[in-house]
file my_file-v5.cif (mmCIF, N, CA and C atoms)
data_start
#
loop_
_atom_site.label_atom_id
_atom_site.label_comp_id
_atom_site.auth_asym_id
_atom_site.auth_seq_id
_atom_site.Cartn_x
_atom_site.Cartn_y
_atom_site.Cartn_z
N MET A 1 -68.80 -25.96 8.68
CA MET A 1 -68.71 -25.32 7.38
C MET A 1 -69.78 -24.25 7.29
N SER A 2 -69.43 -23.02 7.50
CA SER A 2 -70.44 -21.96 7.44
C SER A 2 -70.29 -21.09 6.21
N GLU A 3 -69.17 -21.18 5.52
CA GLU A 3 -68.97 -20.34 4.34
C GLU A 3 -69.64 -20.96 3.11
N ASP A 4 -69.65 -20.20 2.03
CA ASP A 4 -70.21 -20.69 0.78
C ASP A 4 -69.34 -21.82 0.23
N VAL A 5 -70.02 -22.83 -0.32
CA VAL A 5 -69.35 -24.03 -0.82
C VAL A 5 -69.91 -24.38 -2.19
N VAL A 6 -69.03 -24.80 -3.09
CA VAL A 6 -69.46 -25.38 -4.36
C VAL A 6 -69.05 -26.85 -4.32
N LEU A 7 -69.91 -27.72 -4.84
CA LEU A 7 -69.63 -29.15 -4.84
C LEU A 7 -69.18 -29.59 -6.22
N SER A 8 -68.00 -30.19 -6.28
CA SER A 8 -67.50 -30.77 -7.52
C SER A 8 -68.39 -31.97 -7.84
N TRP A 9 -68.94 -31.99 -9.06
CA TRP A 9 -70.00 -32.95 -9.40
C TRP A 9 -69.60 -33.78 -10.61
N SER A 10 -69.53 -35.09 -10.44
CA SER A 10 -69.19 -35.98 -11.55
C SER A 10 -70.42 -36.62 -12.17
N GLY A 11 -71.54 -36.56 -11.46
CA GLY A 11 -72.74 -37.23 -11.93
C GLY A 11 -72.86 -38.64 -11.39
N GLY A 12 -71.86 -39.10 -10.63
CA GLY A 12 -71.86 -40.45 -10.08
C GLY A 12 -72.46 -40.51 -8.68
N LYS A 13 -72.53 -41.73 -8.17
CA LYS A 13 -73.17 -41.95 -6.87
C LYS A 13 -72.41 -41.30 -5.72
N ASP A 14 -71.07 -41.19 -5.82
CA ASP A 14 -70.33 -40.54 -4.74
C ASP A 14 -70.67 -39.06 -4.65
N SER A 15 -70.85 -38.41 -5.79
CA SER A 15 -71.25 -37.00 -5.78
C SER A 15 -72.63 -36.84 -5.14
N ALA A 16 -73.55 -37.73 -5.51
CA ALA A 16 -74.90 -37.66 -4.95
C ALA A 16 -74.87 -37.89 -3.44
N LEU A 17 -74.05 -38.83 -2.99
CA LEU A 17 -73.94 -39.08 -1.56
C LEU A 17 -73.31 -37.89 -0.85
N ALA A 18 -72.30 -37.28 -1.45
CA ALA A 18 -71.68 -36.10 -0.85
C ALA A 18 -72.70 -34.97 -0.69
N LEU A 19 -73.54 -34.77 -1.69
CA LEU A 19 -74.58 -33.75 -1.61
C LEU A 19 -75.54 -34.07 -0.46
N TRP A 20 -75.94 -35.31 -0.35
CA TRP A 20 -76.84 -35.72 0.72
C TRP A 20 -76.19 -35.48 2.09
N VAL A 21 -74.93 -35.88 2.25
CA VAL A 21 -74.23 -35.69 3.52
C VAL A 21 -74.11 -34.21 3.85
N MET A 22 -73.78 -33.40 2.85
CA MET A 22 -73.66 -31.96 3.09
C MET A 22 -74.98 -31.39 3.59
N ARG A 23 -76.06 -31.75 2.92
CA ARG A 23 -77.37 -31.21 3.28
C ARG A 23 -77.91 -31.78 4.59
N GLU A 24 -77.93 -33.10 4.69
CA GLU A 24 -78.62 -33.77 5.79
C GLU A 24 -77.79 -33.90 7.05
N GLU A 25 -76.50 -34.13 6.93
CA GLU A 25 -75.68 -34.34 8.12
C GLU A 25 -74.90 -33.10 8.54
N LEU A 26 -74.48 -32.29 7.57
CA LEU A 26 -73.68 -31.11 7.88
C LEU A 26 -74.47 -29.82 7.86
N GLY A 27 -75.68 -29.86 7.32
CA GLY A 27 -76.51 -28.66 7.25
C GLY A 27 -75.96 -27.60 6.31
N VAL A 28 -75.30 -28.03 5.25
CA VAL A 28 -74.67 -27.12 4.29
C VAL A 28 -75.37 -27.24 2.95
N GLU A 29 -75.79 -26.10 2.41
CA GLU A 29 -76.41 -26.07 1.09
C GLU A 29 -75.38 -25.49 0.11
N PRO A 30 -74.92 -26.29 -0.86
CA PRO A 30 -73.97 -25.76 -1.83
C PRO A 30 -74.56 -24.61 -2.64
N THR A 31 -73.71 -23.70 -3.04
CA THR A 31 -74.09 -22.60 -3.92
C THR A 31 -74.41 -23.14 -5.30
N ALA A 32 -73.64 -24.14 -5.74
CA ALA A 32 -73.79 -24.70 -7.08
C ALA A 32 -73.06 -26.03 -7.15
N LEU A 33 -73.26 -26.71 -8.27
CA LEU A 33 -72.49 -27.89 -8.62
C LEU A 33 -71.51 -27.48 -9.72
N LEU A 34 -70.30 -28.02 -9.66
CA LEU A 34 -69.25 -27.68 -10.62
C LEU A 34 -68.79 -28.96 -11.30
N THR A 35 -68.84 -28.97 -12.63
CA THR A 35 -68.44 -30.17 -13.35
C THR A 35 -67.58 -29.81 -14.55
N THR A 36 -66.74 -30.74 -14.96
CA THR A 36 -65.96 -30.56 -16.19
C THR A 36 -66.59 -31.38 -17.29
N MET A 37 -66.71 -30.76 -18.46
CA MET A 37 -67.25 -31.44 -19.64
C MET A 37 -66.17 -31.50 -20.70
N THR A 38 -66.04 -32.65 -21.33
CA THR A 38 -65.06 -32.80 -22.40
C THR A 38 -65.58 -32.09 -23.64
N GLU A 39 -64.77 -31.16 -24.14
CA GLU A 39 -65.15 -30.38 -25.33
C GLU A 39 -65.50 -31.29 -26.49
N GLY A 40 -66.61 -31.00 -27.13
CA GLY A 40 -67.02 -31.74 -28.31
C GLY A 40 -67.65 -33.09 -28.04
N GLU A 41 -67.63 -33.55 -26.78
CA GLU A 41 -68.19 -34.86 -26.46
C GLU A 41 -69.48 -34.77 -25.66
N GLY A 42 -69.66 -33.66 -24.93
CA GLY A 42 -70.87 -33.50 -24.13
C GLY A 42 -70.97 -34.50 -23.00
N ARG A 43 -69.82 -34.83 -22.42
CA ARG A 43 -69.79 -35.77 -21.30
C ARG A 43 -68.89 -35.26 -20.20
N VAL A 44 -69.21 -35.66 -18.98
CA VAL A 44 -68.37 -35.31 -17.84
C VAL A 44 -67.01 -35.99 -18.01
N GLY A 45 -65.96 -35.24 -17.79
CA GLY A 45 -64.61 -35.74 -18.00
C GLY A 45 -64.24 -36.97 -17.20
N THR A 46 -64.66 -37.04 -15.95
CA THR A 46 -64.21 -38.14 -15.10
C THR A 46 -64.93 -39.46 -15.33
N HIS A 47 -66.23 -39.41 -15.58
CA HIS A 47 -66.99 -40.66 -15.69
C HIS A 47 -67.74 -40.82 -17.01
N ALA A 48 -67.60 -39.87 -17.91
CA ALA A 48 -68.26 -39.91 -19.21
C ALA A 48 -69.79 -39.92 -19.10
N VAL A 49 -70.31 -39.37 -18.01
CA VAL A 49 -71.76 -39.23 -17.87
C VAL A 49 -72.22 -38.16 -18.86
N ARG A 50 -73.31 -38.43 -19.56
CA ARG A 50 -73.83 -37.50 -20.55
C ARG A 50 -74.22 -36.17 -19.91
N ALA A 51 -73.97 -35.09 -20.64
CA ALA A 51 -74.29 -33.74 -20.15
C ALA A 51 -75.76 -33.61 -19.80
N GLU A 52 -76.64 -34.19 -20.61
CA GLU A 52 -78.08 -34.09 -20.35
C GLU A 52 -78.44 -34.67 -18.99
N LEU A 53 -77.81 -35.79 -18.64
CA LEU A 53 -78.09 -36.43 -17.36
C LEU A 53 -77.59 -35.56 -16.20
N VAL A 54 -76.40 -35.01 -16.33
CA VAL A 54 -75.85 -34.16 -15.27
C VAL A 54 -76.70 -32.91 -15.10
N ARG A 55 -77.16 -32.35 -16.20
CA ARG A 55 -78.04 -31.18 -16.11
C ARG A 55 -79.36 -31.53 -15.43
N ALA A 56 -79.89 -32.69 -15.72
CA ALA A 56 -81.13 -33.14 -15.08
C ALA A 56 -80.90 -33.38 -13.58
N GLN A 57 -79.74 -33.92 -13.23
CA GLN A 57 -79.41 -34.13 -11.81
C GLN A 57 -79.37 -32.79 -11.07
N ALA A 58 -78.71 -31.80 -11.67
CA ALA A 58 -78.61 -30.48 -11.03
C ALA A 58 -80.00 -29.87 -10.87
N GLU A 59 -80.82 -30.00 -11.89
CA GLU A 59 -82.18 -29.46 -11.81
C GLU A 59 -82.97 -30.16 -10.70
N ALA A 60 -82.85 -31.49 -10.63
CA ALA A 60 -83.55 -32.24 -9.59
C ALA A 60 -83.05 -31.86 -8.19
N ALA A 61 -81.78 -31.52 -8.09
CA ALA A 61 -81.20 -31.11 -6.81
C ALA A 61 -81.53 -29.66 -6.47
N GLY A 62 -82.04 -28.92 -7.46
CA GLY A 62 -82.38 -27.53 -7.25
C GLY A 62 -81.16 -26.61 -7.16
N LEU A 63 -80.10 -27.00 -7.86
CA LEU A 63 -78.85 -26.23 -7.82
C LEU A 63 -78.40 -25.87 -9.22
N PRO A 64 -77.79 -24.68 -9.37
CA PRO A 64 -77.20 -24.35 -10.67
C PRO A 64 -76.01 -25.24 -10.94
N LEU A 65 -75.80 -25.53 -12.21
CA LEU A 65 -74.66 -26.34 -12.65
C LEU A 65 -73.70 -25.45 -13.42
N VAL A 66 -72.46 -25.40 -12.97
CA VAL A 66 -71.42 -24.66 -13.67
C VAL A 66 -70.60 -25.68 -14.45
N GLU A 67 -70.65 -25.56 -15.77
CA GLU A 67 -69.94 -26.49 -16.64
C GLU A 67 -68.63 -25.87 -17.10
N VAL A 68 -67.54 -26.60 -16.92
CA VAL A 68 -66.21 -26.16 -17.33
C VAL A 68 -65.80 -27.04 -18.50
N GLN A 69 -65.63 -26.41 -19.66
CA GLN A 69 -65.24 -27.15 -20.86
C GLN A 69 -63.72 -27.37 -20.87
N VAL A 70 -63.31 -28.63 -21.02
CA VAL A 70 -61.89 -28.96 -21.07
C VAL A 70 -61.63 -29.89 -22.26
N PRO A 71 -60.40 -29.88 -22.79
CA PRO A 71 -60.06 -30.83 -23.86
C PRO A 71 -60.16 -32.27 -23.35
N ALA A 72 -60.17 -33.21 -24.29
CA ALA A 72 -60.30 -34.63 -23.94
C ALA A 72 -59.20 -35.09 -22.98
N ALA A 73 -57.99 -34.64 -23.15
CA ALA A 73 -56.89 -35.02 -22.25
C ALA A 73 -56.15 -33.75 -21.86
N PRO A 74 -56.75 -32.93 -20.99
CA PRO A 74 -56.13 -31.65 -20.68
C PRO A 74 -54.87 -31.81 -19.84
N SER A 75 -53.92 -30.93 -20.05
CA SER A 75 -52.78 -30.89 -19.15
C SER A 75 -53.28 -30.36 -17.81
N ASN A 76 -52.51 -30.60 -16.77
CA ASN A 76 -52.90 -30.05 -15.47
C ASN A 76 -53.03 -28.54 -15.54
N GLN A 77 -52.14 -27.90 -16.29
CA GLN A 77 -52.17 -26.44 -16.40
C GLN A 77 -53.48 -25.95 -17.00
N VAL A 78 -53.91 -26.57 -18.10
CA VAL A 78 -55.17 -26.18 -18.75
C VAL A 78 -56.34 -26.43 -17.82
N TYR A 79 -56.36 -27.60 -17.20
CA TYR A 79 -57.43 -27.94 -16.27
C TYR A 79 -57.51 -26.91 -15.14
N GLU A 80 -56.38 -26.61 -14.53
CA GLU A 80 -56.35 -25.67 -13.41
C GLU A 80 -56.76 -24.26 -13.84
N GLU A 81 -56.32 -23.84 -15.00
CA GLU A 81 -56.69 -22.51 -15.50
C GLU A 81 -58.19 -22.41 -15.71
N ARG A 82 -58.79 -23.44 -16.26
CA ARG A 82 -60.23 -23.40 -16.54
C ARG A 82 -61.07 -23.50 -15.27
N ILE A 83 -60.60 -24.27 -14.31
CA ILE A 83 -61.30 -24.33 -13.03
C ILE A 83 -61.20 -22.98 -12.33
N ALA A 84 -60.01 -22.39 -12.34
CA ALA A 84 -59.82 -21.07 -11.71
C ALA A 84 -60.72 -20.03 -12.37
N ALA A 85 -60.85 -20.08 -13.69
CA ALA A 85 -61.72 -19.13 -14.40
C ALA A 85 -63.18 -19.34 -13.99
N ALA A 86 -63.60 -20.58 -13.85
CA ALA A 86 -64.98 -20.86 -13.42
C ALA A 86 -65.22 -20.35 -12.01
N LEU A 87 -64.23 -20.51 -11.14
CA LEU A 87 -64.39 -20.05 -9.76
C LEU A 87 -64.36 -18.53 -9.65
N ALA A 88 -63.93 -17.87 -10.71
CA ALA A 88 -63.91 -16.40 -10.73
C ALA A 88 -65.18 -15.80 -11.32
N THR A 89 -66.09 -16.63 -11.84
CA THR A 89 -67.34 -16.12 -12.41
C THR A 89 -68.21 -15.56 -11.30
N PRO A 90 -69.16 -14.68 -11.65
CA PRO A 90 -69.99 -14.05 -10.61
C PRO A 90 -70.67 -15.04 -9.65
N LEU A 91 -71.18 -16.15 -10.15
CA LEU A 91 -71.86 -17.11 -9.28
C LEU A 91 -70.93 -17.69 -8.22
N LEU A 92 -69.66 -17.91 -8.59
CA LEU A 92 -68.75 -18.62 -7.68
C LEU A 92 -67.66 -17.74 -7.08
N ALA A 93 -67.62 -16.47 -7.44
CA ALA A 93 -66.52 -15.60 -7.00
C ALA A 93 -66.42 -15.49 -5.48
N GLU A 94 -67.54 -15.58 -4.78
CA GLU A 94 -67.53 -15.45 -3.32
C GLU A 94 -67.43 -16.80 -2.60
N VAL A 95 -67.44 -17.88 -3.37
CA VAL A 95 -67.36 -19.20 -2.76
C VAL A 95 -65.95 -19.41 -2.22
N GLU A 96 -65.87 -19.81 -0.96
CA GLU A 96 -64.59 -19.97 -0.30
C GLU A 96 -64.06 -21.40 -0.35
N THR A 97 -64.97 -22.36 -0.48
CA THR A 97 -64.59 -23.76 -0.33
C THR A 97 -65.15 -24.59 -1.48
N VAL A 98 -64.35 -25.55 -1.94
CA VAL A 98 -64.78 -26.51 -2.95
C VAL A 98 -64.85 -27.87 -2.26
N ALA A 99 -66.01 -28.50 -2.34
CA ALA A 99 -66.22 -29.83 -1.74
C ALA A 99 -66.02 -30.89 -2.81
N PHE A 100 -65.42 -31.99 -2.41
CA PHE A 100 -65.18 -33.12 -3.31
C PHE A 100 -65.70 -34.39 -2.66
N ALA A 101 -66.16 -35.32 -3.49
CA ALA A 101 -66.70 -36.59 -3.01
C ALA A 101 -65.64 -37.67 -2.91
N ASP A 102 -64.38 -37.28 -2.93
CA ASP A 102 -63.30 -38.27 -2.83
C ASP A 102 -63.43 -39.06 -1.52
N LEU A 103 -63.07 -40.35 -1.62
CA LEU A 103 -63.19 -41.22 -0.47
C LEU A 103 -61.85 -41.53 0.21
N PHE A 104 -60.79 -41.76 -0.60
CA PHE A 104 -59.58 -42.28 0.01
C PHE A 104 -58.27 -42.02 -0.73
N LEU A 105 -58.25 -41.41 -1.89
CA LEU A 105 -57.01 -41.24 -2.64
C LEU A 105 -56.25 -40.01 -2.15
N ALA A 106 -55.31 -40.24 -1.23
CA ALA A 106 -54.60 -39.15 -0.55
C ALA A 106 -53.82 -38.26 -1.51
N ASP A 107 -53.26 -38.84 -2.58
CA ASP A 107 -52.49 -38.01 -3.52
C ASP A 107 -53.40 -37.05 -4.28
N ILE A 108 -54.59 -37.49 -4.65
CA ILE A 108 -55.54 -36.61 -5.33
C ILE A 108 -56.04 -35.54 -4.37
N ARG A 109 -56.29 -35.93 -3.14
CA ARG A 109 -56.72 -34.94 -2.14
C ARG A 109 -55.64 -33.87 -1.95
N ALA A 110 -54.40 -34.28 -1.82
CA ALA A 110 -53.30 -33.33 -1.62
C ALA A 110 -53.18 -32.39 -2.83
N TYR A 111 -53.33 -32.93 -4.04
CA TYR A 111 -53.28 -32.12 -5.25
C TYR A 111 -54.38 -31.06 -5.22
N ARG A 112 -55.59 -31.49 -4.91
CA ARG A 112 -56.73 -30.55 -4.87
C ARG A 112 -56.48 -29.46 -3.82
N GLU A 113 -56.04 -29.86 -2.65
CA GLU A 113 -55.80 -28.90 -1.57
C GLU A 113 -54.73 -27.88 -1.97
N GLU A 114 -53.63 -28.37 -2.52
CA GLU A 114 -52.53 -27.48 -2.89
C GLU A 114 -52.94 -26.51 -3.99
N ARG A 115 -53.54 -27.02 -5.04
CA ARG A 115 -53.90 -26.17 -6.19
C ARG A 115 -54.97 -25.14 -5.83
N LEU A 116 -55.96 -25.53 -5.08
CA LEU A 116 -57.00 -24.57 -4.72
C LEU A 116 -56.50 -23.55 -3.70
N ALA A 117 -55.59 -23.95 -2.84
CA ALA A 117 -55.01 -22.99 -1.90
C ALA A 117 -54.27 -21.88 -2.65
N LYS A 118 -53.67 -22.23 -3.79
CA LYS A 118 -52.94 -21.23 -4.58
C LYS A 118 -53.85 -20.14 -5.12
N ILE A 119 -55.14 -20.43 -5.25
CA ILE A 119 -56.08 -19.40 -5.72
C ILE A 119 -57.01 -18.94 -4.59
N GLY A 120 -56.58 -19.20 -3.37
CA GLY A 120 -57.29 -18.68 -2.21
C GLY A 120 -58.55 -19.43 -1.81
N ARG A 121 -58.63 -20.69 -2.16
CA ARG A 121 -59.83 -21.48 -1.82
C ARG A 121 -59.43 -22.63 -0.90
N ARG A 122 -60.40 -23.04 -0.11
CA ARG A 122 -60.23 -24.20 0.76
C ARG A 122 -60.94 -25.39 0.14
N THR A 123 -60.69 -26.55 0.71
CA THR A 123 -61.35 -27.77 0.26
C THR A 123 -62.01 -28.45 1.45
N THR A 124 -62.98 -29.27 1.13
CA THR A 124 -63.59 -30.14 2.13
C THR A 124 -63.94 -31.45 1.45
N PHE A 125 -63.94 -32.52 2.22
CA PHE A 125 -64.17 -33.86 1.69
C PHE A 125 -65.17 -34.57 2.61
N PRO A 126 -66.46 -34.32 2.42
CA PRO A 126 -67.47 -34.83 3.35
C PRO A 126 -67.58 -36.35 3.43
N LEU A 127 -67.04 -37.07 2.45
CA LEU A 127 -67.12 -38.54 2.48
C LEU A 127 -65.80 -39.19 2.83
N TRP A 128 -64.77 -38.39 3.07
CA TRP A 128 -63.42 -38.92 3.23
C TRP A 128 -63.38 -40.06 4.26
N GLY A 129 -62.81 -41.19 3.82
CA GLY A 129 -62.63 -42.33 4.70
C GLY A 129 -63.87 -43.18 4.95
N SER A 130 -64.99 -42.82 4.28
CA SER A 130 -66.21 -43.62 4.51
C SER A 130 -66.25 -44.85 3.63
#
call {"tool": "encode", "arguments": {"input": "my_file-v5.cif", "output": "structure tokens"}}
result
Amino acid sequence: MSEDVVLSWSGGKDSALALWVMREELGVEPTALLTTMTEGEGRVGTHAVRAELVRAQAEAAGLPLVEVQVPAAPSNQVYEERIAAALATPLLAEVETVAFADLFLADIRAYREERLAKIGRRTTFPLWGS
């Protein structure tokens, strides 16, 4: 992995482990962390981790955090549009690959690969199968 990478960040232990694997085992430093926040709730959409904690994690990791605001139960279309908009911002516009801490859910992996390919991005899964 030599191109720029952004790491999808939930605030959970799998995200932290993926960051460690990227840095220590793969020699890859992410450009930023990317997370979705539920509008009006101030929590990460996937695990309901408080925004303050995720921001502190990003600061401790020494990486910028890109927050994508989404409704409480976004349609796939809304979710995809907002992620695409975040990936088009100046910080992430040159990022070629999005890393995910997914371990084993093949259907979610296929969804991520297909949707990101449509906007010209690749995916990587540094923890896959561990």
call {"tool": "closest_residue", "arguments": {"input": "my_file-v5.cif", "among": "A:Ala106, A:Ala73, A:Ile83, A:Val54", "to": "Lys13 of chain A", "atoms": "only C-alpha atoms"}}
result
A:Val54
call {"tool": "residues_near_point", "arguments": {"input": "my_file-v5.cif", "point": "(-69.8, -32.8, 2.9)", "cutoff": "10 Å", "atoms": "only C-alpha atoms", "output": "ChimeraX atom specification"}}
result
/A:1,5,7,15,17-30,98-101,124-128
call {"tool": "axis_aligned_box", "arguments": {"input": "my_file-v5.cif", "around": "segment 94-104 of chain A", "padding_each_side": "6 Å", "output": "lines of an AutoDock Vina configuration file"}}
result
center_x = -62.9
center_y = -28.9
center_z = -2.3
size_x = 21.3
size_y = 38.8
size_z = 17.0
call {"tool": "atom_distance", "arguments": {"input": "my_file-v5.cif", "atom1": "atom N of Leu34 of chain A", "atom2": "atom C of Arg115 of chain A"}}
result
16.1 Å
call {"tool": "closest_residue", "arguments": {"input": "my_file-v5.cif", "among": "A:Leu105, A:Val95, A:Met37, A:Val44", "to": "Ser10 of chain A", "atoms": "only C-alpha atoms"}}
result
A:Val44
call {"tool": "select_by_dssp", "arguments": {"input": "my_file-v5.cif", "residues": "chain A", "states": "strand (DSSP E or B)", "output": "compact mmCIF listing (two decimals) with N, CA and C atoms, in the frame of the given file"}}
result
# COMPACT_ATOMS: atom_id res chain seq x y z
N VAL A 5 -70.02 -22.83 -0.32
CA VAL A 5 -69.35 -24.03 -0.82
C VAL A 5 -69.91 -24.38 -2.19
N VAL A 6 -69.03 -24.80 -3.09
CA VAL A 6 -69.46 -25.38 -4.36
C VAL A 6 -69.05 -26.85 -4.32
N LEU A 7 -69.91 -27.72 -4.84
CA LEU A 7 -69.63 -29.15 -4.84
C LEU A 7 -69.18 -29.59 -6.22
N SER A 8 -68.00 -30.19 -6.28
CA SER A 8 -67.50 -30.77 -7.52
C SER A 8 -68.39 -31.97 -7.84
N ALA A 32 -73.64 -24.14 -5.74
CA ALA A 32 -73.79 -24.70 -7.08
C ALA A 32 -73.06 -26.03 -7.15
N LEU A 33 -73.26 -26.71 -8.27
CA LEU A 33 -72.49 -27.89 -8.62
C LEU A 33 -71.51 -27.48 -9.72
N LEU A 34 -70.30 -28.02 -9.66
CA LEU A 34 -69.25 -27.68 -10.62
C LEU A 34 -68.79 -28.96 -11.30
N THR A 35 -68.84 -28.97 -12.63
CA THR A 35 -68.44 -30.17 -13.35
C THR A 35 -67.58 -29.81 -14.55
N THR A 36 -66.74 -30.74 -14.96
CA THR A 36 -65.96 -30.56 -16.19
C THR A 36 -66.59 -31.38 -17.29
N MET A 37 -66.71 -30.76 -18.46
CA MET A 37 -67.25 -31.44 -19.64
C MET A 37 -66.17 -31.50 -20.70
N THR A 38 -66.04 -32.65 -21.33
CA THR A 38 -65.06 -32.80 -22.40
C THR A 38 -65.58 -32.09 -23.64
N ARG A 43 -69.82 -34.83 -22.42
CA ARG A 43 -69.79 -35.77 -21.30
C ARG A 43 -68.89 -35.26 -20.20
N VAL A 44 -69.21 -35.66 -18.98
CA VAL A 44 -68.37 -35.31 -17.84
C VAL A 44 -67.01 -35.99 -18.01
N ARG A 50 -73.31 -38.43 -19.56
CA ARG A 50 -73.83 -37.50 -20.55
C ARG A 50 -74.22 -36.17 -19.91
N LEU A 65 -75.80 -25.53 -12.21
CA LEU A 65 -74.66 -26.34 -12.65
C LEU A 65 -73.70 -25.45 -13.42
N VAL A 66 -72.46 -25.40 -12.97
CA VAL A 66 -71.42 -24.66 -13.67
C VAL A 66 -70.60 -25.68 -14.45
N GLU A 67 -70.65 -25.56 -15.77
CA GLU A 67 -69.94 -26.49 -16.64
C GLU A 67 -68.63 -25.87 -17.10
N VAL A 68 -67.54 -26.60 -16.92
CA VAL A 68 -66.21 -26.16 -17.33
C VAL A 68 -65.80 -27.04 -18.50
N GLN A 69 -65.63 -26.41 -19.66
CA GLN A 69 -65.24 -27.15 -20.86
C GLN A 69 -63.72 -27.37 -20.87
N VAL A 70 -63.31 -28.63 -21.02
CA VAL A 70 -61.89 -28.96 -21.07
C VAL A 70 -61.63 -29.89 -22.26
N THR A 97 -64.97 -22.36 -0.48
CA THR A 97 -64.59 -23.76 -0.33
C THR A 97 -65.15 -24.59 -1.48
N VAL A 98 -64.35 -25.55 -1.94
CA VAL A 98 -64.78 -26.51 -2.95
C VAL A 98 -64.85 -27.87 -2.26
N ALA A 99 -66.01 -28.50 -2.34
CA ALA A 99 -66.22 -29.83 -1.74
C ALA A 99 -66.02 -30.89 -2.81
N ARG A 122 -60.40 -23.04 -0.11
CA ARG A 122 -60.23 -24.20 0.76
C ARG A 122 -60.94 -25.39 0.14
N THR A 123 -60.69 -26.55 0.71
CA THR A 123 -61.35 -27.77 0.26
C THR A 123 -62.01 -28.45 1.45
N THR A 124 -62.98 -29.27 1.13
CA THR A 124 -63.59 -30.14 2.13
C THR A 124 -63.94 -31.45 1.45
call {"tool": "atom_distance", "arguments": {"input": "my_file-v5.cif", "atom1": "atom CA of Glu41 of chain A", "atom2": "atom CA of Glu81 of chain A"}}
result
20.1 Å
call {"tool": "closest_residue", "arguments": {"input": "my_file-v5.cif", "among": "A:Val49, A:Ala86, A:Gly129, A:Glu80", "to": "Phe104 of chain A", "atoms": "only N, CA and C atoms"}}
result
A:Gly129
call {"tool": "atom_distance", "arguments": {"input": "my_file-v5.cif", "atom1": "atom C of Leu103 of chain A", "atom2": "atom N of Ala16 of chain A"}}
result
13.6 Å
call {"tool": "residues_around", "arguments": {"input": "my_file-v5.cif", "residues": "Glu96 of chain A", "least_positions_apart": "6", "cutoff": "9 Å", "atoms": "only C-alpha atoms", "output": "VMD selection string"}}
result
chain A and resid 3 to 6 120 to 123
call {"tool": "select_by_dssp", "arguments": {"input": "my_file-v5.cif", "residues": "segment 39-77 of chain A", "states": "helix (DSSP H, G or I)", "output": "PyMOL selection string"}}
result
chain A and resi 51-61+76-77
call {"tool": "closest_residue", "arguments": {"input": "my_file-v5.cif", "among": "A:Thr97, A:Lys118, A:Gly11, A:Leu33", "to": "Leu63 of chain A", "atoms": "all atoms listed in the file"}}
result
A:Leu33
call {"tool": "closest_residue", "arguments": {"input": "my_file-v5.cif", "among": "A:Ala60, A:Ala32, A:Ile108, A:Leu116", "to": "Leu92 of chain A", "atoms": "all atoms listed in the file"}}
result
A:Ala32
call {"tool": "closest_residue", "arguments": {"input": "my_file-v5.cif", "among": "A:Pro71, A:Ala61, A:Arg50, A:Trp9", "to": "Thr38 of chain A", "atoms": "all atoms listed in the file"}}
result
A:Pro71
call {"tool": "residues_near_point", "arguments": {"input": "my_file-v5.cif", "point": "(-58.5, -18.1, -8.6)", "cutoff": "6.5 Å", "atoms": "only N, CA and C atoms", "output": "list in words"}}
result
Ala84, Ala85, Leu87, Ala88, Lys118, Ile119 and Gly120 of chain A
call {"tool": "decode", "arguments": {"input": "my_file-v5.cif", "residues": "segment 29-40 of chain A", "atoms": "N, CA and C atoms", "output": "PDB file, in the first residue's frame"}}
result
ATOM      1  N   GLU A  29       0.915   5.181   6.913  1.00  0.00           N
ATOM      2  CA  GLU A  29       0.374   6.231   7.775  1.00  0.00           C
ATOM      3  C   GLU A  29      -0.864   6.813   7.095  1.00  0.00           C
ATOM      4  N   PRO A  30      -2.044   6.638   7.692  1.00  0.00           N
ATOM      5  CA  PRO A  30      -3.247   7.209   7.087  1.00  0.00           C
ATOM      6  C   PRO A  30      -3.174   8.731   6.992  1.00  0.00           C
ATOM      7  N   THR A  31      -3.806   9.265   5.986  1.00  0.00           N
ATOM      8  CA  THR A  31      -3.928  10.710   5.818  1.00  0.00           C
ATOM      9  C   THR A  31      -4.832  11.282   6.900  1.00  0.00           C
ATOM     10  N   ALA A  32      -5.883  10.526   7.238  1.00  0.00           N
ATOM     11  CA  ALA A  32      -6.880  10.985   8.212  1.00  0.00           C
ATOM     12  C   ALA A  32      -7.722   9.802   8.656  1.00  0.00           C
ATOM     13  N   LEU A  33      -8.549  10.066   9.656  1.00  0.00           N
ATOM     14  CA  LEU A  33      -9.583   9.133  10.083  1.00  0.00           C
ATOM     15  C   LEU A  33     -10.914   9.686   9.586  1.00  0.00           C
ATOM     16  N   LEU A  34     -11.796   8.798   9.150  1.00  0.00           N
ATOM     17  CA  LEU A  34     -13.097   9.185   8.599  1.00  0.00           C
ATOM     18  C   LEU A  34     -14.178   8.509   9.418  1.00  0.00           C
ATOM     19  N   THR A  35     -15.107   9.306   9.952  1.00  0.00           N
ATOM     20  CA  THR A  35     -16.172   8.727  10.764  1.00  0.00           C
ATOM     21  C   THR A  35     -17.511   9.353  10.411  1.00  0.00           C
ATOM     22  N   THR A  36     -18.573   8.606  10.651  1.00  0.00           N
ATOM     23  CA  THR A  36     -19.919   9.157  10.480  1.00  0.00           C
ATOM     24  C   THR A  36     -20.486   9.476  11.848  1.00  0.00           C
ATOM     25  N   MET A  37     -21.099  10.646  11.944  1.00  0.00           N
ATOM     26  CA  MET A  37     -21.750  11.084  13.179  1.00  0.00           C
ATOM     27  C   MET A  37     -23.236  11.241  12.918  1.00  0.00           C
ATOM     28  N   THR A  38     -24.039  10.752  13.838  1.00  0.00           N
ATOM     29  CA  THR A  38     -25.484  10.895  13.711  1.00  0.00           C
ATOM     30  C   THR A  38     -25.870  12.329  14.027  1.00  0.00           C
ATOM     31  N   GLU A  39     -26.545  12.962  13.072  1.00  0.00           N
ATOM     32  CA  GLU A  39     -26.961  14.360  13.229  1.00  0.00           C
ATOM     33  C   GLU A  39     -27.778  14.542  14.499  1.00  0.00           C
ATOM     34  N   GLY A  40     -27.441  15.566  15.253  1.00  0.00           N
ATOM     35  CA  GLY A  40     -28.189  15.904  16.453  1.00  0.00           C
ATOM     36  C   GLY A  40     -27.893  15.037  17.663  1.00  0.00           C
TER      37      GLY A  40
END
